[in-house]
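work11.cif, holding mmCIF, C-alpha atoms:
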```cif
data_input
#
loop_
_atom_site.group_PDB
_atom_site.id
_atom_site.type_symbol
_atom_site.label_atom_id
_atom_site.label_comp_id
_atom_site.auth_asym_id
_atom_site.auth_seq_id
_atom_site.Cartn_x
_atom_site.Cartn_y
_atom_site.Cartn_z
ATOM 1 C CA MET T 8 -137.592 -14.151 181.961
ATOM 2 C CA GLN T 9 -134.503 -16.320 181.843
ATOM 3 C CA TYR T 10 -131.458 -16.083 184.066
ATOM 4 C CA GLN T 11 -127.941 -16.951 183.014
ATOM 5 C CA ILE T 12 -125.507 -18.048 185.720
ATOM 6 C CA ILE T 13 -121.898 -17.582 184.679
ATOM 7 C CA PRO T 14 -118.925 -18.785 186.750
ATOM 8 C CA LEU T 15 -116.248 -16.097 186.605
ATOM 9 C CA GLU T 16 -113.334 -18.533 186.930
ATOM 10 C CA MET T 17 -112.272 -21.064 184.318
ATOM 11 C CA GLY T 18 -112.924 -24.694 185.199
ATOM 12 C CA SER T 19 -115.887 -23.955 187.492
ATOM 13 C CA ILE T 20 -118.451 -26.255 185.861
ATOM 14 C CA VAL T 21 -117.915 -29.955 186.553
ATOM 15 C CA SER T 22 -119.957 -32.958 185.379
ATOM 16 C CA ARG T 23 -119.168 -36.041 187.471
ATOM 17 C CA ASP T 24 -120.051 -39.745 187.481
ATOM 18 C CA ILE T 25 -119.389 -41.941 190.512
ATOM 19 C CA PHE T 26 -118.922 -45.727 190.297
ATOM 20 C CA GLN T 27 -118.274 -48.204 193.103
ATOM 21 C CA ALA T 28 -117.141 -51.815 193.373
ATOM 22 C CA GLY T 29 -116.778 -53.149 196.908
ATOM 23 C CA ASP T 30 -114.608 -50.692 198.830
ATOM 24 C CA MET T 31 -113.301 -49.048 195.633
ATOM 25 C CA GLU T 32 -114.604 -45.846 194.040
ATOM 26 C CA ILE T 33 -114.117 -43.967 190.770
ATOM 27 C CA LYS T 34 -115.007 -40.296 190.296
ATOM 28 C CA CYS T 35 -114.749 -39.192 186.685
ATOM 29 C CA GLY T 36 -116.212 -36.765 184.199
ATOM 30 C CA LEU T 37 -115.596 -33.403 182.576
ATOM 31 C CA VAL T 38 -114.257 -30.101 183.797
ATOM 32 C CA TRP T 39 -115.469 -27.363 181.470
ATOM 33 C CA LYS T 40 -113.039 -24.524 180.844
ATOM 34 C CA LEU T 41 -115.917 -22.052 180.310
ATOM 35 C CA GLY T 42 -119.678 -22.286 180.332
ATOM 36 C CA SER T 43 -122.968 -21.075 181.721
ATOM 37 C CA VAL T 44 -126.212 -22.322 183.215
ATOM 38 C CA LEU T 45 -129.742 -21.186 182.311
ATOM 39 C CA THR T 46 -132.890 -21.212 184.406
ATOM 40 C CA ASN T 47 -136.366 -19.722 184.057
ATOM 41 C CA GLN T 48 -136.599 -19.314 187.841
ATOM 42 C CA LYS T 49 -135.008 -16.336 189.563
ATOM 43 C CA PRO T 50 -132.013 -17.866 191.395
ATOM 44 C CA SER T 51 -132.644 -17.853 195.140
ATOM 45 C CA PHE T 52 -129.661 -20.006 196.145
ATOM 46 C CA ILE T 53 -127.269 -17.080 195.972
ATOM 47 C CA ARG T 54 -128.049 -15.891 199.535
ATOM 48 C CA SER T 55 -126.579 -19.071 201.029
ATOM 49 C CA TYR T 56 -124.093 -19.865 198.246
ATOM 50 C CA HIS T 57 -120.458 -20.499 199.225
ATOM 51 C CA PRO T 58 -118.043 -20.144 196.268
ATOM 52 C CA ASP T 59 -115.574 -22.701 197.687
ATOM 53 C CA ILE T 60 -118.296 -25.359 198.060
ATOM 54 C CA GLY T 61 -120.425 -24.555 195.005
ATOM 55 C CA ILE T 62 -123.861 -25.954 194.237
ATOM 56 C CA CYS T 63 -125.252 -28.936 192.373
ATOM 57 C CA LEU T 64 -127.351 -27.969 189.331
ATOM 58 C CA ALA T 65 -130.108 -30.259 190.623
ATOM 59 C CA ASP T 66 -130.461 -27.830 193.559
ATOM 60 C CA ILE T 67 -131.179 -24.865 191.260
ATOM 61 C CA LYS T 68 -134.822 -24.855 190.106
ATOM 62 C CA GLY T 69 -135.086 -25.431 186.365
ATOM 63 C CA ALA T 70 -131.331 -25.194 185.769
ATOM 64 C CA SER T 71 -129.590 -26.704 182.771
ATOM 65 C CA ILE T 72 -126.190 -26.251 181.212
ATOM 66 C CA SER T 73 -126.502 -23.684 178.455
ATOM 67 C CA LYS T 74 -123.083 -23.517 176.865
ATOM 68 C CA THR T 75 -119.791 -25.197 177.611
ATOM 69 C CA TYR T 76 -116.380 -24.892 176.035
ATOM 70 C CA ASP T 77 -113.223 -26.995 176.083
ATOM 71 C CA GLY T 78 -114.195 -29.899 178.322
ATOM 72 C CA GLN T 79 -111.298 -31.823 179.826
ATOM 73 C CA LYS T 80 -111.809 -35.421 180.957
ATOM 74 C CA VAL T 81 -110.621 -36.206 184.493
ATOM 75 C CA ILE T 82 -110.647 -39.387 186.567
ATOM 76 C CA TYR T 83 -109.861 -39.993 190.249
ATOM 77 C CA PHE T 84 -109.648 -43.265 192.151
ATOM 78 C CA SER T 85 -110.013 -44.104 195.815
ATOM 79 C CA GLU T 86 -106.800 -45.262 197.489
ATOM 80 C CA THR T 87 -108.183 -48.812 197.534
ATOM 81 C CA VAL T 88 -108.015 -49.212 193.724
ATOM 82 C CA PRO T 89 -104.861 -51.178 192.744
ATOM 83 C CA GLU T 90 -102.457 -49.329 190.444
ATOM 84 C CA ALA T 91 -102.779 -51.850 187.572
ATOM 85 C CA LEU T 92 -106.574 -51.533 187.694
ATOM 86 C CA GLU T 93 -106.283 -47.732 187.743
ATOM 87 C CA GLN T 94 -104.274 -47.891 184.517
ATOM 88 C CA GLU T 95 -106.791 -50.186 182.785
ATOM 89 C CA LEU T 96 -109.765 -48.063 183.886
ATOM 90 C CA SER T 97 -107.990 -44.842 182.864
ATOM 91 C CA ASP T 98 -107.359 -46.270 179.383
ATOM 92 C CA ILE T 99 -111.066 -47.151 179.115
ATOM 93 C CA PHE T 100 -112.122 -43.704 180.351
ATOM 94 C CA TYR T 101 -109.836 -41.817 177.961
ATOM 95 C CA GLY T 102 -110.856 -44.070 175.050
ATOM 96 C CA ILE T 103 -107.411 -45.507 174.366
ATOM 97 C CA SER T 104 -108.101 -49.102 175.425
ATOM 98 C CA GLN T 105 -107.661 -51.677 172.659
ATOM 99 C CA LYS T 106 -109.530 -54.248 174.774
ATOM 100 C CA PHE T 107 -112.828 -52.399 175.208
ATOM 101 C CA SER T 108 -115.013 -50.178 173.063
ATOM 102 C CA GLY T 109 -118.106 -48.168 173.823
ATOM 103 C CA SER T 110 -118.796 -45.495 176.397
ATOM 104 C CA TYR T 111 -116.830 -45.695 179.619
ATOM 105 C CA GLN T 112 -120.134 -45.759 181.557
ATOM 106 C CA ASP T 113 -121.210 -48.963 179.793
ATOM 107 C CA VAL T 114 -117.790 -50.618 180.025
ATOM 108 C CA PHE T 115 -117.393 -49.814 183.740
ATOM 109 C CA GLN T 116 -120.791 -51.372 184.440
ATOM 110 C CA ASP T 117 -119.904 -54.403 182.292
ATOM 111 C CA LEU T 118 -116.822 -54.772 184.518
ATOM 112 C CA GLN T 119 -119.079 -54.909 187.607
ATOM 113 C CA TRP T 120 -118.664 -51.298 188.710
ATOM 114 C CA GLN T 121 -121.988 -50.032 190.029
ATOM 115 C CA TRP T 122 -123.047 -46.608 188.811
ATOM 116 C CA VAL T 123 -123.897 -44.480 191.868
ATOM 117 C CA SER T 124 -124.659 -40.988 190.537
ATOM 118 C CA SER T 125 -124.192 -38.346 187.866
ATOM 119 C CA GLU T 126 -124.162 -34.730 188.940
ATOM 120 C CA THR T 127 -123.114 -31.356 187.608
ATOM 121 C CA PHE T 128 -121.742 -28.650 189.874
ATOM 122 C CA ILE T 129 -120.816 -25.008 189.567
ATOM 123 C CA PHE T 130 -118.567 -23.239 192.020
ATOM 124 C CA GLY T 131 -116.500 -20.103 192.434
ATOM 125 C CA GLU T 132 -117.637 -16.523 192.048
ATOM 126 C CA LEU T 133 -120.775 -16.252 189.902
ATOM 127 C CA GLU T 134 -122.422 -13.589 187.788
ATOM 128 C CA ILE T 135 -126.192 -13.772 187.291
ATOM 129 C CA LYS T 136 -127.727 -11.981 184.321
ATOM 130 C CA GLU T 137 -131.368 -11.511 183.392
ATOM 131 C CA ILE T 138 -131.946 -12.418 179.788
ATOM 132 C CA LYS T 139 -134.906 -10.967 177.990
ATOM 133 C CA THR T 140 -136.162 -13.661 175.642
ATOM 134 C CA PRO T 141 -137.882 -12.578 172.400
ATOM 135 C CA ASP T 142 -141.279 -13.644 173.839
ATOM 136 C CA ASN T 143 -140.770 -11.594 176.996
ATOM 137 C CA PHE T 144 -139.564 -8.638 174.959
ATOM 138 C CA LEU T 145 -142.705 -8.700 172.794
ATOM 139 C CA ASN T 146 -144.968 -9.015 175.874
ATOM 140 C CA LEU T 147 -143.592 -5.722 177.214
ATOM 141 C CA TYR T 148 -145.266 -3.880 174.327
ATOM 142 C CA LYS T 149 -148.732 -5.445 174.470
#
```
Just give me the structure of the file as structure tokens.
Amino acid sequence: MQYQIIPLEMGSIVSRDIFQAGDMEIKCGLVWKLGSVLTNQKPSFIRSYHPDIGICLADIKGASISKTYDGQKVIYFSETVPEALEQELSDIFYGISQKFSGSYQDVFQDLQWQWVSSETFIFGELEIKEIKTPDNFLNLYK
């Protein structure tokens, strides 16, 4: 049996990378307008789940993003990042820099930003559906 976890509010699935350099930090990634998560394990997190806080996909056994739609790139900087550097890093992140090419993850690391983590979160009100896979459906009639 598979379980589909569907956030009921738009923008409730977020994939985030964190980079640091000294006392400076970048949080960037994608906010998905719509999407869902699949797992083969019956979700047990729901008893202690808080919609305002959400949950990291790594904390849901066997979870993976199933479908996503209309991802929007977002980037945030700690207050310690100078404004001129923010602009340069934003241009790299959004792919409009004429100076650098390649993925923003590679370029940030080339510029001495240390990659700290990549995580995906879901938050808000959730709907959990049981999905009968074709294999499970056939097993019911054996």
Output check: residues returned by the PyMOL selection byres ((chain T and resi 73) around 6), as a PDB file with C-alpha atoms, in the coordinates of the input:
```pdb
ATOM      1  CA  SER T  43    -122.968 -21.075 181.721  1.00  0.00           C
ATOM      2  CA  VAL T  44    -126.212 -22.322 183.215  1.00  0.00           C
ATOM      3  CA  LEU T  45    -129.742 -21.186 182.311  1.00  0.00           C
ATOM      4  CA  ILE T  72    -126.190 -26.251 181.212  1.00  0.00           C
ATOM      5  CA  LYS T  74    -123.083 -23.517 176.865  1.00  0.00           C
TER       6      LYS T  74
END
```
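One finds CA of Ser19 (chain T) at 17.5 Å from CA of Thr46 (chain T).
Counting all atoms listed in the file, the residue from T:Gln11, T:Ser104, T:Asn47, T:Phe26 that sits nearest to Leu133 (chain T) is T:Gln11.
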Exercise. Taking the file as shown, what set of residues would the PyMOL selection byres ((chain T and resi 15) around 10) give back, as a ChimeraX atom specification?
Worked result: /T:12-14,16-19,41-43,130-134
For this session: Please identify all polymer residues within 7 Å of region 85-95 of chain T, counting only C-alpha atoms, omitting same-chain residues fewer than 3 positions from it, and present them as an MDAnalysis selection string.
Result: chainID T and resid 30:33 98:99
Selection above as a file: C-alpha atoms, as an mmCIF file, keeping the file's coordinate frame:
```cif
data_model
loop_
_atom_site.group_PDB
_atom_site.id
_atom_site.type_symbol
_atom_site.label_atom_id
_atom_site.label_comp_id
_atom_site.auth_asym_id
_atom_site.auth_seq_id
_atom_site.Cartn_x
_atom_site.Cartn_y
_atom_site.Cartn_z
ATOM 1 C CA ASP T 30 -114.608 -50.692 198.830
ATOM 2 C CA MET T 31 -113.301 -49.048 195.633
ATOM 3 C CA GLU T 32 -114.604 -45.846 194.040
ATOM 4 C CA ILE T 33 -114.117 -43.967 190.770
ATOM 5 C CA ASP T 98 -107.359 -46.270 179.383
ATOM 6 C CA ILE T 99 -111.066 -47.151 179.115
#
```
For this session: Run the PyMOL selection byres ((chain T and resi 128) around 7) on the file and write out the hits as a VMD selection string.
Result: chain T and resid 20 to 22 61 to 64 126 to 127 129 to 130
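Ranking T:Ile60, T:Cys35, T:Ala28, T:Met8 by their shortest atom-to-atom distance to Gln112 (chain T), with only C-alpha atoms included, puts T:Cys35 first.
Minimum distance to Tyr83 (chain T) across T:Gly36, T:Gly69, T:Gly109, T:Gly102 (counting only C-alpha atoms) occurs at T:Gly36.
Our summary of the geometry notes that CA of Asp66 (chain T) is positioned 8.3 Å from CA of Phe52 (chain T).
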Exercise. If we count only C-alpha atoms, what is near Gln9 (chain T) at a cut-off of 9 Å, once residues fewer than 3 positions away on the same chain are taken out, given as an MDAnalysis selection string?
Worked result: chainID T and resid 45:49 136:140
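Note that CA of Gln121 (chain T) and CA of Lys80 (chain T) are 20.0 Å apart.
You can rank T:Gln105, T:Gln119, T:Phe100, T:Gly78 by their closest distance to Gly29 (chain T) using all atoms listed in the file, and at the top of that list sits T:Gln119.
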Where's the centre, and what are the edge lengths in Å to one decimal, of a box along x, y and z enclosing all listed atoms of region 103-110 of chain T padded 6 Å per side, as JSON?
```
{"center_x": -113.1, "center_y": -49.9, "center_z": 174.5, "size_x": 23.4, "size_y": 20.8, "size_z": 15.7}
```
Please fill the gaps in region 76-90 of chain T so it has N, CA, C and O atoms, and write that as an mmCIF file, keeping the file's coordinate frame.
```
data_model
loop_
_atom_site.group_PDB
_atom_site.id
_atom_site.type_symbol
_atom_site.label_atom_id
_atom_site.label_comp_id
_atom_site.auth_asym_id
_atom_site.auth_seq_id
_atom_site.Cartn_x
_atom_site.Cartn_y
_atom_site.Cartn_z
ATOM 1 N N TYR T 76 -117.505 -24.951 176.958
ATOM 2 C CA TYR T 76 -116.380 -24.892 176.035
ATOM 3 C C TYR T 76 -115.189 -25.641 176.621
ATOM 4 O O TYR T 76 -114.908 -25.535 177.812
ATOM 5 N N ASP T 77 -114.494 -26.362 175.744
ATOM 6 C CA ASP T 77 -113.223 -26.995 176.083
ATOM 7 C C ASP T 77 -113.304 -27.887 177.316
ATOM 8 O O ASP T 77 -112.629 -27.655 178.316
ATOM 9 N N GLY T 78 -114.116 -28.939 177.229
ATOM 10 C CA GLY T 78 -114.195 -29.899 178.322
ATOM 11 C C GLY T 78 -112.944 -30.757 178.394
ATOM 12 O O GLY T 78 -112.417 -31.190 177.377
ATOM 13 N N GLN T 79 -112.469 -30.971 179.604
ATOM 14 C CA GLN T 79 -111.298 -31.823 179.826
ATOM 15 C C GLN T 79 -111.732 -33.000 180.687
ATOM 16 O O GLN T 79 -112.310 -32.814 181.760
ATOM 17 N N LYS T 80 -111.453 -34.223 180.210
ATOM 18 C CA LYS T 80 -111.809 -35.421 180.957
ATOM 19 C C LYS T 80 -110.853 -35.590 182.138
ATOM 20 O O LYS T 80 -109.649 -35.376 181.997
ATOM 21 N N VAL T 81 -111.421 -35.949 183.296
ATOM 22 C CA VAL T 81 -110.621 -36.206 184.493
ATOM 23 C C VAL T 81 -111.159 -37.446 185.193
ATOM 24 O O VAL T 81 -112.354 -37.736 185.139
ATOM 25 N N ILE T 82 -110.251 -38.189 185.833
ATOM 26 C CA ILE T 82 -110.647 -39.387 186.567
ATOM 27 C C ILE T 82 -109.828 -39.464 187.847
ATOM 28 O O ILE T 82 -108.630 -39.150 187.848
ATOM 29 N N TYR T 83 -110.493 -39.838 188.944
ATOM 30 C CA TYR T 83 -109.861 -39.993 190.249
ATOM 31 C C TYR T 83 -110.287 -41.338 190.827
ATOM 32 O O TYR T 83 -111.433 -41.772 190.645
ATOM 33 N N PHE T 84 -109.382 -41.965 191.551
ATOM 34 C CA PHE T 84 -109.648 -43.265 192.151
ATOM 35 C C PHE T 84 -109.461 -43.190 193.660
ATOM 36 O O PHE T 84 -108.595 -42.450 194.146
ATOM 37 N N SER T 85 -110.248 -43.984 194.382
ATOM 38 C CA SER T 85 -110.013 -44.104 195.815
ATOM 39 C C SER T 85 -108.673 -44.806 196.021
ATOM 40 O O SER T 85 -108.163 -45.483 195.118
ATOM 41 N N GLU T 86 -108.098 -44.655 197.191
ATOM 42 C CA GLU T 86 -106.800 -45.262 197.489
ATOM 43 C C GLU T 86 -106.851 -46.788 197.454
ATOM 44 O O GLU T 86 -105.806 -47.434 197.375
ATOM 45 N N THR T 87 -108.032 -47.355 197.496
ATOM 46 C CA THR T 87 -108.183 -48.812 197.534
ATOM 47 C C THR T 87 -108.138 -49.466 196.155
ATOM 48 O O THR T 87 -108.148 -50.682 196.058
ATOM 49 N N VAL T 88 -108.081 -48.662 195.078
ATOM 50 C CA VAL T 88 -108.015 -49.212 193.724
ATOM 51 C C VAL T 88 -106.549 -49.538 193.406
ATOM 52 O O VAL T 88 -105.697 -48.650 193.466
ATOM 53 N N PRO T 89 -106.241 -50.808 193.078
ATOM 54 C CA PRO T 89 -104.861 -51.178 192.744
ATOM 55 C C PRO T 89 -104.361 -50.408 191.513
ATOM 56 O O PRO T 89 -105.129 -50.086 190.607
ATOM 57 N N GLU T 90 -103.053 -50.142 191.495
ATOM 58 C CA GLU T 90 -102.457 -49.329 190.444
ATOM 59 C C GLU T 90 -102.690 -49.904 189.041
ATOM 60 O O GLU T 90 -102.992 -49.173 188.099
#
```
